[in-house]
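This is coords_33.cif. It holds mmCIF, C-alpha atoms.
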```cif
data_protein
#
loop_
_atom_site.label_atom_id
_atom_site.label_comp_id
_atom_site.auth_asym_id
_atom_site.auth_seq_id
_atom_site.Cartn_x
_atom_site.Cartn_y
_atom_site.Cartn_z
CA MET A 1 43.79 133.48 -49.96
CA ASN A 2 42.84 131.88 -46.63
CA ASN A 3 41.68 128.76 -48.44
CA LYS A 4 45.05 128.54 -50.19
CA ILE A 5 46.90 128.82 -46.87
CA VAL A 6 44.75 126.08 -45.35
CA GLN A 7 45.41 123.84 -48.36
CA ILE A 8 49.17 124.45 -48.13
CA LEU A 9 49.09 123.64 -44.40
CA ILE A 10 47.25 120.39 -45.13
CA LEU A 11 49.85 119.60 -47.79
CA GLN A 12 52.60 120.28 -45.25
CA PHE A 13 50.87 117.94 -42.82
CA ALA A 14 51.13 115.19 -45.45
CA VAL A 15 54.82 116.00 -45.92
CA MET A 16 55.29 115.80 -42.14
CA ILE A 17 53.68 112.34 -42.12
CA TYR A 18 56.08 111.31 -44.88
CA SER A 19 59.02 112.62 -42.85
CA ILE A 20 57.99 110.46 -39.90
CA ASN A 21 58.97 107.56 -42.11
CA THR A 22 62.60 108.73 -41.83
CA VAL A 23 62.35 108.60 -38.04
CA VAL A 24 60.95 105.07 -38.07
CA ALA A 25 63.57 104.03 -40.64
CA LYS A 26 66.32 105.33 -38.34
CA PHE A 27 64.92 103.24 -35.48
CA VAL A 28 64.69 100.19 -37.77
CA SER A 29 68.30 100.62 -38.85
CA ASN A 30 69.47 100.30 -35.25
CA GLU A 31 67.89 96.86 -34.80
CA VAL A 32 69.24 93.43 -35.68
CA PHE A 33 67.92 92.41 -39.08
CA GLY A 34 65.02 89.99 -38.72
CA SER A 35 64.63 90.43 -34.96
CA PRO A 36 61.08 90.84 -33.57
CA LYS A 37 61.70 94.54 -32.85
CA PHE A 38 63.11 95.02 -36.35
CA LEU A 39 60.02 93.40 -37.88
CA MET A 40 57.65 95.43 -35.70
CA LEU A 41 59.34 98.72 -36.60
CA TYR A 42 59.56 97.73 -40.25
CA PHE A 43 55.82 97.05 -40.26
CA LEU A 44 55.25 100.45 -38.61
CA GLU A 45 57.34 102.07 -41.35
CA PHE A 46 55.22 100.31 -43.96
CA CYS A 47 52.03 101.55 -42.24
CA VAL A 48 53.27 105.15 -42.11
CA LEU A 49 54.02 105.02 -45.83
CA GLY A 50 50.57 103.54 -46.49
CA VAL A 51 48.82 106.34 -44.60
CA TYR A 52 50.95 108.90 -46.38
CA ALA A 53 50.23 107.36 -49.82
CA ILE A 54 46.47 107.45 -49.32
CA PHE A 55 46.59 111.00 -47.97
CA TRP A 56 48.93 112.16 -50.75
CA GLN A 57 46.79 110.68 -53.52
CA GLN A 58 43.79 112.60 -52.21
CA LEU A 59 45.79 115.82 -51.93
CA ILE A 60 47.30 115.86 -55.41
CA LYS A 61 43.78 116.09 -56.80
CA ARG A 62 43.66 119.62 -55.36
CA PHE A 63 47.08 120.89 -56.44
CA GLU A 64 49.06 121.36 -59.57
CA LEU A 65 51.59 118.55 -59.61
CA SER A 66 54.55 120.94 -59.72
CA ILE A 67 53.35 122.70 -56.56
CA ALA A 68 52.58 119.49 -54.70
CA TYR A 69 55.99 117.98 -55.42
CA ALA A 70 57.85 121.22 -54.67
CA ASN A 71 56.31 121.07 -51.19
CA LYS A 72 57.77 117.59 -50.66
CA ALA A 73 61.16 119.32 -50.44
CA MET A 74 60.02 120.54 -47.03
CA THR A 75 60.76 117.00 -45.85
CA LEU A 76 64.26 118.35 -45.27
CA LEU A 77 62.94 120.78 -42.66
CA TRP A 78 60.91 118.11 -40.88
CA SER A 79 63.79 115.62 -40.97
CA LEU A 80 66.14 118.23 -39.53
CA LEU A 81 63.67 118.95 -36.73
CA TRP A 82 63.25 115.23 -35.97
CA SER A 83 67.03 114.74 -35.95
CA ILE A 84 67.38 117.50 -33.34
CA VAL A 85 64.37 116.68 -31.15
CA ILE A 86 64.39 112.88 -31.23
CA PHE A 87 67.98 111.88 -32.00
CA HIS A 88 69.81 114.90 -30.52
CA GLU A 89 71.96 115.16 -33.63
CA GLY A 90 74.05 118.22 -34.35
CA VAL A 91 72.97 120.99 -36.65
CA THR A 92 75.49 122.77 -38.83
CA LEU A 93 75.28 126.14 -40.52
CA PRO A 94 75.23 124.55 -44.01
CA LYS A 95 72.23 122.39 -42.98
CA ILE A 96 70.38 125.45 -41.71
CA ALA A 97 71.26 127.43 -44.85
CA GLY A 98 70.07 124.58 -47.07
CA VAL A 99 66.75 124.27 -45.27
CA ILE A 100 66.25 128.06 -45.45
CA LEU A 101 66.83 127.92 -49.22
CA VAL A 102 64.28 125.12 -49.53
CA ILE A 103 61.75 127.10 -47.48
CA ILE A 104 62.29 130.19 -49.64
CA GLY A 105 61.91 128.14 -52.81
CA THR A 106 58.72 126.53 -51.53
CA ILE A 107 57.27 129.93 -50.61
CA VAL A 108 58.11 131.28 -54.06
CA ILE A 109 56.45 128.33 -55.78
CA ASN A 110 53.37 128.39 -53.51
CA GLY A 111 52.98 132.15 -53.82
CA GLY A 112 53.23 132.24 -57.59
CA ASP A 113 50.48 133.34 -59.91
CA SER A 114 49.20 129.81 -60.28
CA LYS A 115 45.45 129.46 -60.35
CA ASP A 116 43.43 128.13 -57.47
CA SER A 117 43.08 124.38 -57.82
CA THR A 118 39.32 124.68 -58.40
CA GLU A 119 39.95 127.16 -61.22
CA SER A 120 42.58 124.86 -62.66
CA SER A 121 40.16 121.91 -62.56
CA ALA A 122 37.43 124.01 -64.17
CA ASP A 123 39.83 125.14 -66.91
CA THR A 124 40.88 121.56 -67.58
CA GLU A 125 37.24 120.47 -67.79
CA THR A 126 36.46 123.33 -70.19
CA ILE A 127 39.41 122.42 -72.42
CA GLN A 128 38.36 118.75 -72.44
CA THR A 129 34.76 119.70 -73.30
CA GLU A 130 35.91 122.00 -76.12
CA ALA A 131 38.24 119.32 -77.47
CA ALA A 132 35.40 116.77 -77.47
CA ALA A 133 33.10 119.24 -79.26
CA ASP A 134 35.76 119.95 -81.88
CA LYS A 135 36.29 116.23 -82.41
CA GLU A 136 32.55 115.67 -82.90
CA ALA A 137 32.33 118.59 -85.32
CA LYS A 138 34.96 117.02 -87.57
#
```
Let me see the structure of the file written as structure tokens.
Amino acid sequence: MNNKIVQILILQFAVMIYSINTVVAKFVSNEVFGSPKFLMLYFLEFCVLGVYAIFWQQLIKRFELSIAYANKAMTLLWSLLWSIVIFHEGVTLPKIAGVILVIIGTIVINGGDSKDSTESSADTETIQTEAAADKEAK
């Protein structure tokens, strides 16, 4: 159980990195297109996405795809936090309710009866081995 919590926290860290892209994109959108500051921030946005992509590709090896992508919905929570802390934007009750629903949904999906990722990988390997043996037998 502890290992699963650690893995989910690492997955959330990747989602947080992805959400930072929205912050950089907001800064980019406030600059004059093609200006030096625009280009610098745009390059930073590209770098953040590159770091996220590498991290994400390594993480999805450890998770069922449906669980990994369900956790990406938590980007809404991170984006809401960034909008409050960095941009001092207003928060409405519907935004809070929506984020709470996303959190509940993510908890339900993460807490399901899905197998540990190592079990899932072992099961996949067993199925592939059995399929290869059946193919050779024919």
Checklist entry - Residues picked by the PyMOL selection byres ((chain A and resi 48) around 12) here, as a list in words? => result Ala14, Val15, Met16, Ile17, Tyr18, Ser19, Ile20, Asn21, Thr22, Val23, Val24, Ala25, Leu41, Tyr42, Phe43, Leu44, Glu45, Phe46, Cys47, Leu49, Gly50, Val51, Tyr52, Ala53, Ile54, Phe55 and Trp56 of chain A
Checklist entry - Expressed in Å to a single decimal, how great is the separation between atom CA of Ile109 of chain A and atom CA of Ile10 of chain A? => result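 For atom CA of Ile109 of chain A relative to atom CA of Ile10 of chain A, the distance reads 16.2 Å.
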Next on the checklist: Restricting the calculation to only C-alpha atoms: of A:Phe38, A:Ser66, A:Phe27, A:Gln57, which residue gets closest to Phe87 of chain A?
Outcome noted: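 Result for the nearest residue to Phe87 of chain A: A:Phe27.
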Item to check | the PyMOL selection byres ((chain A and resi 70) around 10) applied to the shown file, residues as a PyMOL selection string | outcome: chain A and resi 65-69+71-74+102+105-107+109-110
Output file for the selection above: C-alpha atoms, as a PDB file, keeping the file's coordinate frame:
```pdb
ATOM      1  CA  LEU A  65      51.590 118.550 -59.610  1.00  0.00           C
ATOM      2  CA  SER A  66      54.550 120.940 -59.720  1.00  0.00           C
ATOM      3  CA  ILE A  67      53.350 122.700 -56.560  1.00  0.00           C
ATOM      4  CA  ALA A  68      52.580 119.490 -54.700  1.00  0.00           C
ATOM      5  CA  TYR A  69      55.990 117.980 -55.420  1.00  0.00           C
ATOM      6  CA  ASN A  71      56.310 121.070 -51.190  1.00  0.00           C
ATOM      7  CA  LYS A  72      57.770 117.590 -50.660  1.00  0.00           C
ATOM      8  CA  ALA A  73      61.160 119.320 -50.440  1.00  0.00           C
ATOM      9  CA  MET A  74      60.020 120.540 -47.030  1.00  0.00           C
ATOM     10  CA  VAL A 102      64.280 125.120 -49.530  1.00  0.00           C
ATOM     11  CA  GLY A 105      61.910 128.140 -52.810  1.00  0.00           C
ATOM     12  CA  THR A 106      58.720 126.530 -51.530  1.00  0.00           C
ATOM     13  CA  ILE A 107      57.270 129.930 -50.610  1.00  0.00           C
ATOM     14  CA  ILE A 109      56.450 128.330 -55.780  1.00  0.00           C
ATOM     15  CA  ASN A 110      53.370 128.390 -53.510  1.00  0.00           C
TER      16      ASN A 110
END
```
Give, as AutoDock Vina command-line options, the centre coordinates and the x, y and z edge lengths in Å to one decimal for an axis-aligned box around all listed atoms of segment 97-102 of chain A, padded by 8 Å on each side.
```
--center_x 67.8 --center_y 126.2 --center_z -47.2 --size_x 23.0 --size_y 19.8 --size_z 20.7
```
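Taking atom CA of Ala97 of chain A and atom CA of Val85 of chain A as the two end points, the separation is 18.7 Å.
Atom to atom, atom CA of Val28 of chain A and atom CA of Leu76 of chain A stand 19.7 Å apart.
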Next on the checklist: With all atoms listed in the file as the counted atoms, please give the residues lying no more than 12 Å from Pro94 of chain A, apart from itself and same-chain residues fewer than 6 positions off, as a PyMOL selection string.
Outcome noted: chain A and resi 80+100-101
Can I get a file of segment 57-75 of chain A from the given structure, N, CA and C atoms kept, as a tab-separated table (two decimals), in the first residue's frame?
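Contents of the output file out01.tsv:
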```tsv
chain	number	residue	atom	x	y	z
A	57	GLN	N	6.86	9.54	-19.84
A	57	GLN	CA	7.13	8.28	-20.54
A	57	GLN	C	7.71	7.24	-19.61
A	58	GLN	N	8.53	7.66	-18.67
A	58	GLN	CA	9.08	6.71	-17.71
A	58	GLN	C	8.02	6.24	-16.70
A	59	LEU	N	7.11	7.13	-16.36
A	59	LEU	CA	6.08	6.78	-15.38
A	59	LEU	C	5.03	5.84	-15.93
A	60	ILE	N	4.62	6.02	-17.20
A	60	ILE	CA	3.54	5.18	-17.70
A	60	ILE	C	3.96	3.72	-17.86
A	61	LYS	N	5.24	3.44	-17.72
A	61	LYS	CA	5.69	2.05	-17.68
A	61	LYS	C	5.19	1.37	-16.41
A	62	ARG	N	4.98	2.15	-15.36
A	62	ARG	CA	4.65	1.60	-14.04
A	62	ARG	C	3.16	1.59	-13.73
A	63	PHE	N	2.34	2.19	-14.59
A	63	PHE	CA	0.92	2.32	-14.32
A	63	PHE	C	0.10	1.78	-15.47
A	64	GLU	N	-1.10	1.34	-15.13
A	64	GLU	CA	-2.07	1.05	-16.18
A	64	GLU	C	-2.37	2.39	-16.84
A	65	LEU	N	-2.54	2.38	-18.13
A	65	LEU	CA	-2.75	3.61	-18.88
A	65	LEU	C	-3.98	4.37	-18.39
A	66	SER	N	-5.05	3.64	-18.07
A	66	SER	CA	-6.28	4.30	-17.62
A	66	SER	C	-6.05	5.04	-16.30
A	67	ILE	N	-5.25	4.50	-15.42
A	67	ILE	CA	-4.96	5.15	-14.14
A	67	ILE	C	-4.05	6.36	-14.36
A	68	ALA	N	-3.04	6.19	-15.17
A	68	ALA	CA	-2.12	7.30	-15.41
A	68	ALA	C	-2.85	8.50	-16.01
A	69	TYR	N	-3.68	8.26	-17.02
A	69	TYR	CA	-4.37	9.38	-17.66
A	69	TYR	C	-5.48	9.96	-16.79
A	70	ALA	N	-6.10	9.15	-15.96
A	70	ALA	CA	-7.10	9.70	-15.03
A	70	ALA	C	-6.44	10.69	-14.07
A	71	ASN	N	-5.20	10.43	-13.69
A	71	ASN	CA	-4.48	11.33	-12.80
A	71	ASN	C	-4.13	12.65	-13.46
A	72	LYS	N	-4.06	12.68	-14.79
A	72	LYS	CA	-3.78	13.94	-15.48
A	72	LYS	C	-4.90	14.95	-15.26
A	73	ALA	N	-6.09	14.46	-14.91
A	73	ALA	CA	-7.20	15.38	-14.63
A	73	ALA	C	-6.90	16.27	-13.44
A	74	MET	N	-5.97	15.85	-12.60
A	74	MET	CA	-5.59	16.66	-11.44
A	74	MET	C	-4.88	17.94	-11.87
A	75	THR	N	-4.58	18.08	-13.14
A	75	THR	CA	-4.03	19.33	-13.66
A	75	THR	C	-4.97	20.49	-13.33
```
